[in-house]
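Trainee: Quick one: this structure, given as C-alpha coordinates, is what I'll be asking you about.
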Amino acid sequence: MTKIEATVPDYLARQARAAAEREQVPMDQIVALALSAQLAAWRGSDEMEARAKRANLAEFDRIMANVPNVPPMPGDELPPGYRSPLTK
(Lines give C-alpha, C1' and ligand atoms only; values in the text may rest on other atoms or scores of the structure.)
Protein backbone atom coordinates (compact mmCIF):
# COMPACT_ATOMS: atom_id res chain seq x y z
CA MET A 1 0.00 0.00 0.00
CA THR A 2 1.08 3.55 -0.69
CA LYS A 3 0.40 6.33 1.74
CA ILE A 4 -0.91 9.50 0.07
CA GLU A 5 -1.33 12.75 1.93
CA ALA A 6 -3.77 15.22 0.42
CA THR A 7 -5.30 18.53 1.40
CA VAL A 8 -9.05 18.54 0.82
CA PRO A 9 -11.73 21.15 1.48
CA ASP A 10 -13.26 20.97 4.95
CA TYR A 11 -16.71 20.09 3.62
CA LEU A 12 -15.32 17.02 1.81
CA ALA A 13 -13.48 15.91 4.94
CA ARG A 14 -16.72 16.24 6.93
CA GLN A 15 -18.66 14.23 4.33
CA ALA A 16 -15.97 11.52 4.26
CA ARG A 17 -15.91 11.34 8.06
CA ALA A 18 -19.71 11.09 8.22
CA ALA A 19 -19.73 8.35 5.56
CA ALA A 20 -17.04 6.42 7.43
CA GLU A 21 -19.01 6.63 10.67
CA ARG A 22 -22.27 5.66 8.96
CA GLU A 23 -20.66 2.68 7.19
CA GLN A 24 -18.53 1.82 10.23
CA VAL A 25 -15.32 1.69 8.20
CA PRO A 26 -12.03 3.61 8.44
CA MET A 27 -11.94 6.96 6.72
CA ASP A 28 -9.02 5.65 4.64
CA GLN A 29 -11.40 3.10 3.13
CA ILE A 30 -13.94 5.81 2.21
CA VAL A 31 -11.25 7.94 0.58
CA ALA A 32 -9.81 4.95 -1.32
CA LEU A 33 -13.29 3.96 -2.49
CA ALA A 34 -14.08 7.51 -3.65
CA LEU A 35 -10.75 7.74 -5.48
CA SER A 36 -11.33 4.36 -7.11
CA ALA A 37 -14.83 5.36 -8.24
CA GLN A 38 -13.63 8.63 -9.76
CA LEU A 39 -10.73 6.96 -11.57
CA ALA A 40 -13.13 4.35 -12.97
CA ALA A 41 -15.43 7.12 -14.21
CA TRP A 42 -12.53 8.81 -15.98
CA ARG A 43 -11.41 5.51 -17.51
CA GLY A 44 -14.96 4.94 -18.75
CA SER A 45 -15.07 8.40 -20.25
CA ASP A 46 -11.71 7.84 -21.96
CA GLU A 47 -12.91 4.48 -23.30
CA MET A 48 -16.11 6.03 -24.70
CA GLU A 49 -14.08 8.76 -26.39
CA ALA A 50 -11.71 6.19 -27.93
CA ARG A 51 -14.63 4.09 -29.17
CA ALA A 52 -16.33 7.17 -30.64
CA LYS A 53 -13.18 7.96 -32.62
CA ARG A 54 -13.29 4.45 -34.12
CA ALA A 55 -16.94 4.85 -35.13
CA ASN A 56 -17.86 4.35 -38.77
CA LEU A 57 -20.97 6.45 -39.38
CA ALA A 58 -21.51 5.04 -42.86
CA GLU A 59 -21.53 1.51 -41.41
CA PHE A 60 -23.90 2.65 -38.65
CA ASP A 61 -26.28 4.14 -41.23
CA ARG A 62 -26.11 0.94 -43.31
CA ILE A 63 -27.03 -1.19 -40.29
CA MET A 64 -29.77 1.19 -39.10
CA ALA A 65 -31.33 1.14 -42.58
CA ASN A 66 -32.21 -2.53 -41.92
CA VAL A 67 -34.16 -1.72 -38.74
CA PRO A 68 -37.90 -1.89 -39.42
CA ASN A 69 -39.93 1.26 -38.88
CA VAL A 70 -42.53 -0.14 -36.48
CA PRO A 71 -44.20 1.22 -33.34
CA PRO A 72 -42.44 0.47 -30.05
CA MET A 73 -43.45 -2.56 -28.04
CA PRO A 74 -45.93 -1.90 -25.20
CA GLY A 75 -44.10 -0.26 -22.32
CA ASP A 76 -41.32 1.11 -24.53
CA GLU A 77 -43.27 4.19 -25.73
CA LEU A 78 -41.93 7.66 -25.07
CA PRO A 79 -43.87 9.65 -22.48
CA PRO A 80 -46.65 11.93 -23.80
CA GLY A 81 -45.26 15.31 -24.82
CA TYR A 82 -41.66 14.08 -25.05
CA ARG A 83 -39.49 16.23 -27.28
CA SER A 84 -36.09 15.04 -28.39
CA PRO A 85 -33.24 17.35 -27.34
CA LEU A 86 -31.80 16.72 -30.82
CA THR A 87 -34.69 18.47 -32.60
CA LYS A 88 -35.14 22.21 -32.65
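Just so we're on the same page: first chain in the C-alpha coordinates is A, next is B, and so on; residues restart at 1 for each chain, and ligands are numbered from 1 in the order they show up.
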Considering only C-alpha atoms, return as a CSV table (one decimal) with N, CA and C atoms, in the first residue's frame whatever protein or nucleic-acid residues lie within 10 Å of Ala16 of chain A, sequence-local ones (same chain, fewer than 2 positions apart) excluded.

Mentor:
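Output file around_12.csv follows:
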chain,number,residue,atom,x,y,z
A,10,ASP,N,-12.6,21.4,3.7
A,10,ASP,CA,-13.3,21.0,5.0
A,10,ASP,C,-14.6,20.2,4.7
A,11,TYR,N,-15.4,20.7,3.8
A,11,TYR,CA,-16.7,20.1,3.6
A,11,TYR,C,-16.6,18.7,3.1
A,12,LEU,N,-15.5,18.4,2.3
A,12,LEU,CA,-15.3,17.0,1.8
A,12,LEU,C,-14.8,16.1,3.0
A,13,ALA,N,-14.0,16.7,3.8
A,13,ALA,CA,-13.5,15.9,4.9
A,13,ALA,C,-14.6,15.6,5.9
A,14,ARG,N,-15.6,16.5,6.1
A,14,ARG,CA,-16.7,16.2,6.9
A,14,ARG,C,-17.6,15.2,6.3
A,18,ALA,N,-18.3,11.5,8.0
A,18,ALA,CA,-19.7,11.1,8.2
A,18,ALA,C,-20.0,9.8,7.5
A,19,ALA,N,-19.5,9.6,6.3
A,19,ALA,CA,-19.7,8.3,5.6
A,19,ALA,C,-19.0,7.2,6.3
A,20,ALA,N,-17.8,7.5,6.7
A,20,ALA,CA,-17.0,6.4,7.4
A,20,ALA,C,-17.8,6.0,8.7
A,21,GLU,N,-18.3,7.0,9.4
A,21,GLU,CA,-19.0,6.6,10.7
A,21,GLU,C,-20.3,5.9,10.3
A,22,ARG,N,-21.0,6.3,9.3
A,22,ARG,CA,-22.3,5.7,9.0
A,22,ARG,C,-22.0,4.2,8.5
A,26,PRO,N,-13.0,2.5,8.3
A,26,PRO,CA,-12.0,3.6,8.4
A,26,PRO,C,-12.2,4.7,7.4
A,27,MET,N,-11.9,5.9,7.7
A,27,MET,CA,-11.9,7.0,6.7
A,27,MET,C,-11.0,6.7,5.5
A,28,ASP,N,-9.9,6.0,5.8
A,28,ASP,CA,-9.0,5.7,4.6
A,28,ASP,C,-9.8,4.8,3.6
A,29,GLN,N,-10.6,3.9,4.1
A,29,GLN,CA,-11.4,3.1,3.1
A,29,GLN,C,-12.4,3.9,2.3
A,30,ILE,N,-13.0,4.9,2.9
A,30,ILE,CA,-13.9,5.8,2.2
A,30,ILE,C,-13.2,6.6,1.1
A,31,VAL,N,-12.0,7.1,1.5
A,31,VAL,CA,-11.2,7.9,0.6
A,31,VAL,C,-10.8,7.1,-0.6
A,34,ALA,N,-13.7,6.3,-2.9
A,34,ALA,CA,-14.1,7.5,-3.7
A,34,ALA,C,-13.1,7.7,-4.8

Trainee: According to DSSP computed on the backbone, where in chain A is there helix (DSSP H, G or I)? Give the residues as a PyMOL selection string.

Mentor: chain A and resi 10-23+27-53+57-64

Trainee: Could the residues in this selection be saved with N, CA and C atoms as a short mmCIF file (atom, residue, chain, number, x, y, z; two decimals), in the first residue's frame?

Mentor:
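Contents of out26.cif, freshly written:
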data_model
loop_
_atom_site.label_atom_id
_atom_site.label_comp_id
_atom_site.auth_asym_id
_atom_site.auth_seq_id
_atom_site.Cartn_x
_atom_site.Cartn_y
_atom_site.Cartn_z
N ASP A 10 -12.65 21.41 3.69
CA ASP A 10 -13.26 20.97 4.95
C ASP A 10 -14.57 20.23 4.73
N TYR A 11 -15.41 20.72 3.81
CA TYR A 11 -16.71 20.09 3.62
C TYR A 11 -16.56 18.65 3.11
N LEU A 12 -15.53 18.39 2.28
CA LEU A 12 -15.32 17.02 1.81
C LEU A 12 -14.83 16.13 2.95
N ALA A 13 -13.97 16.68 3.79
CA ALA A 13 -13.48 15.91 4.94
C ALA A 13 -14.65 15.56 5.86
N ARG A 14 -15.55 16.51 6.08
CA ARG A 14 -16.72 16.24 6.93
C ARG A 14 -17.60 15.16 6.32
N GLN A 15 -17.83 15.24 5.01
CA GLN A 15 -18.66 14.23 4.33
C GLN A 15 -18.00 12.86 4.40
N ALA A 16 -16.69 12.80 4.20
CA ALA A 16 -15.97 11.52 4.26
C ALA A 16 -16.03 10.94 5.67
N ARG A 17 -15.86 11.79 6.66
CA ARG A 17 -15.91 11.34 8.06
C ARG A 17 -17.31 10.81 8.40
N ALA A 18 -18.34 11.53 7.95
CA ALA A 18 -19.71 11.09 8.22
C ALA A 18 -20.00 9.76 7.52
N ALA A 19 -19.52 9.61 6.28
CA ALA A 19 -19.73 8.35 5.56
C ALA A 19 -19.01 7.21 6.25
N ALA A 20 -17.81 7.46 6.73
CA ALA A 20 -17.04 6.42 7.43
C ALA A 20 -17.76 5.99 8.71
N GLU A 21 -18.27 6.95 9.44
CA GLU A 21 -19.01 6.63 10.67
C GLU A 21 -20.29 5.85 10.34
N ARG A 22 -21.02 6.31 9.33
CA ARG A 22 -22.27 5.66 8.96
C ARG A 22 -22.03 4.21 8.50
N GLU A 23 -20.97 4.01 7.72
CA GLU A 23 -20.66 2.68 7.19
C GLU A 23 -19.82 1.85 8.15
N MET A 27 -11.85 5.88 7.70
CA MET A 27 -11.94 6.96 6.72
C MET A 27 -11.03 6.68 5.52
N ASP A 28 -9.90 6.02 5.75
CA ASP A 28 -9.02 5.65 4.64
C ASP A 28 -9.78 4.84 3.59
N GLN A 29 -10.65 3.95 4.05
CA GLN A 29 -11.40 3.10 3.13
C GLN A 29 -12.38 3.94 2.30
N ILE A 30 -13.02 4.92 2.93
CA ILE A 30 -13.94 5.81 2.21
C ILE A 30 -13.18 6.61 1.15
N VAL A 31 -12.03 7.14 1.52
CA VAL A 31 -11.25 7.94 0.58
C VAL A 31 -10.76 7.06 -0.57
N ALA A 32 -10.27 5.86 -0.27
CA ALA A 32 -9.81 4.95 -1.32
C ALA A 32 -10.96 4.56 -2.25
N LEU A 33 -12.13 4.32 -1.68
CA LEU A 33 -13.29 3.96 -2.49
C LEU A 33 -13.70 5.12 -3.40
N ALA A 34 -13.72 6.33 -2.86
CA ALA A 34 -14.08 7.51 -3.65
C ALA A 34 -13.06 7.73 -4.77
N LEU A 35 -11.79 7.58 -4.47
CA LEU A 35 -10.75 7.74 -5.48
C LEU A 35 -10.90 6.68 -6.57
N SER A 36 -11.14 5.46 -6.16
CA SER A 36 -11.33 4.36 -7.11
C SER A 36 -12.51 4.63 -8.02
N ALA A 37 -13.63 5.08 -7.45
CA ALA A 37 -14.83 5.36 -8.24
C ALA A 37 -14.58 6.47 -9.25
N GLN A 38 -13.89 7.52 -8.85
CA GLN A 38 -13.63 8.63 -9.76
C GLN A 38 -12.68 8.21 -10.88
N LEU A 39 -11.65 7.44 -10.54
CA LEU A 39 -10.73 6.96 -11.57
C LEU A 39 -11.44 6.06 -12.57
N ALA A 40 -12.34 5.22 -12.08
CA ALA A 40 -13.13 4.35 -12.97
C ALA A 40 -14.01 5.18 -13.90
N ALA A 41 -14.59 6.24 -13.38
CA ALA A 41 -15.43 7.12 -14.21
C ALA A 41 -14.59 7.76 -15.30
N TRP A 42 -13.40 8.21 -14.97
CA TRP A 42 -12.53 8.81 -15.98
C TRP A 42 -12.10 7.79 -17.02
N ARG A 43 -11.78 6.57 -16.56
CA ARG A 43 -11.41 5.51 -17.51
C ARG A 43 -12.58 5.24 -18.46
N GLY A 44 -13.78 5.18 -17.92
CA GLY A 44 -14.96 4.94 -18.75
C GLY A 44 -15.15 6.04 -19.76
N SER A 45 -14.94 7.26 -19.35
CA SER A 45 -15.07 8.40 -20.25
C SER A 45 -14.02 8.32 -21.35
N ASP A 46 -12.78 7.98 -20.98
CA ASP A 46 -11.71 7.84 -21.96
C ASP A 46 -12.03 6.73 -22.95
N GLU A 47 -12.57 5.61 -22.44
CA GLU A 47 -12.91 4.48 -23.30
C GLU A 47 -14.01 4.88 -24.29
N MET A 48 -15.01 5.60 -23.81
CA MET A 48 -16.11 6.03 -24.70
C MET A 48 -15.56 6.95 -25.79
N GLU A 49 -14.66 7.84 -25.41
CA GLU A 49 -14.08 8.76 -26.39
C GLU A 49 -13.28 7.98 -27.43
N ALA A 50 -12.51 7.00 -27.00
CA ALA A 50 -11.71 6.19 -27.93
C ALA A 50 -12.62 5.41 -28.87
N ARG A 51 -13.70 4.84 -28.33
CA ARG A 51 -14.63 4.09 -29.17
C ARG A 51 -15.33 5.01 -30.17
N ALA A 52 -15.67 6.22 -29.74
CA ALA A 52 -16.33 7.17 -30.64
C ALA A 52 -15.42 7.53 -31.81
N LYS A 53 -14.12 7.63 -31.55
CA LYS A 53 -13.18 7.96 -32.62
C LYS A 53 -13.07 6.83 -33.65
N LEU A 57 -19.59 5.99 -39.24
CA LEU A 57 -20.97 6.45 -39.38
C LEU A 57 -21.66 5.86 -40.62
N ALA A 58 -20.91 5.64 -41.67
CA ALA A 58 -21.51 5.04 -42.86
C ALA A 58 -21.96 3.61 -42.55
N GLU A 59 -21.16 2.88 -41.80
CA GLU A 59 -21.53 1.51 -41.41
C GLU A 59 -22.73 1.54 -40.48
N PHE A 60 -22.77 2.50 -39.56
CA PHE A 60 -23.90 2.65 -38.65
C PHE A 60 -25.18 2.91 -39.46
N ASP A 61 -25.11 3.83 -40.40
CA ASP A 61 -26.28 4.14 -41.23
C ASP A 61 -26.73 2.92 -42.03
N ARG A 62 -25.77 2.14 -42.54
CA ARG A 62 -26.11 0.94 -43.31
C ARG A 62 -26.86 -0.07 -42.42
N ILE A 63 -26.38 -0.25 -41.22
CA ILE A 63 -27.03 -1.19 -40.29
C ILE A 63 -28.41 -0.67 -39.88
N MET A 64 -28.50 0.61 -39.55
CA MET A 64 -29.77 1.19 -39.10
C MET A 64 -30.82 1.17 -40.22
#

Trainee: What is the atom CA of Pro68 of chain A-atom CA of Thr87 of chain A distance in Å, reported with one decimal?

Mentor: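 So the two atoms, atom CA of Pro68 of chain A and atom CA of Thr87 of chain A, lie 21.7 Å apart.
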
Trainee: How many Å lie between atom CA of Arg54 of chain A and atom CA of Leu86 of chain A, rounded to one decimal?

Mentor: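 Going from atom CA of Arg54 of chain A over to atom CA of Leu86 of chain A, I get 22.5 Å.
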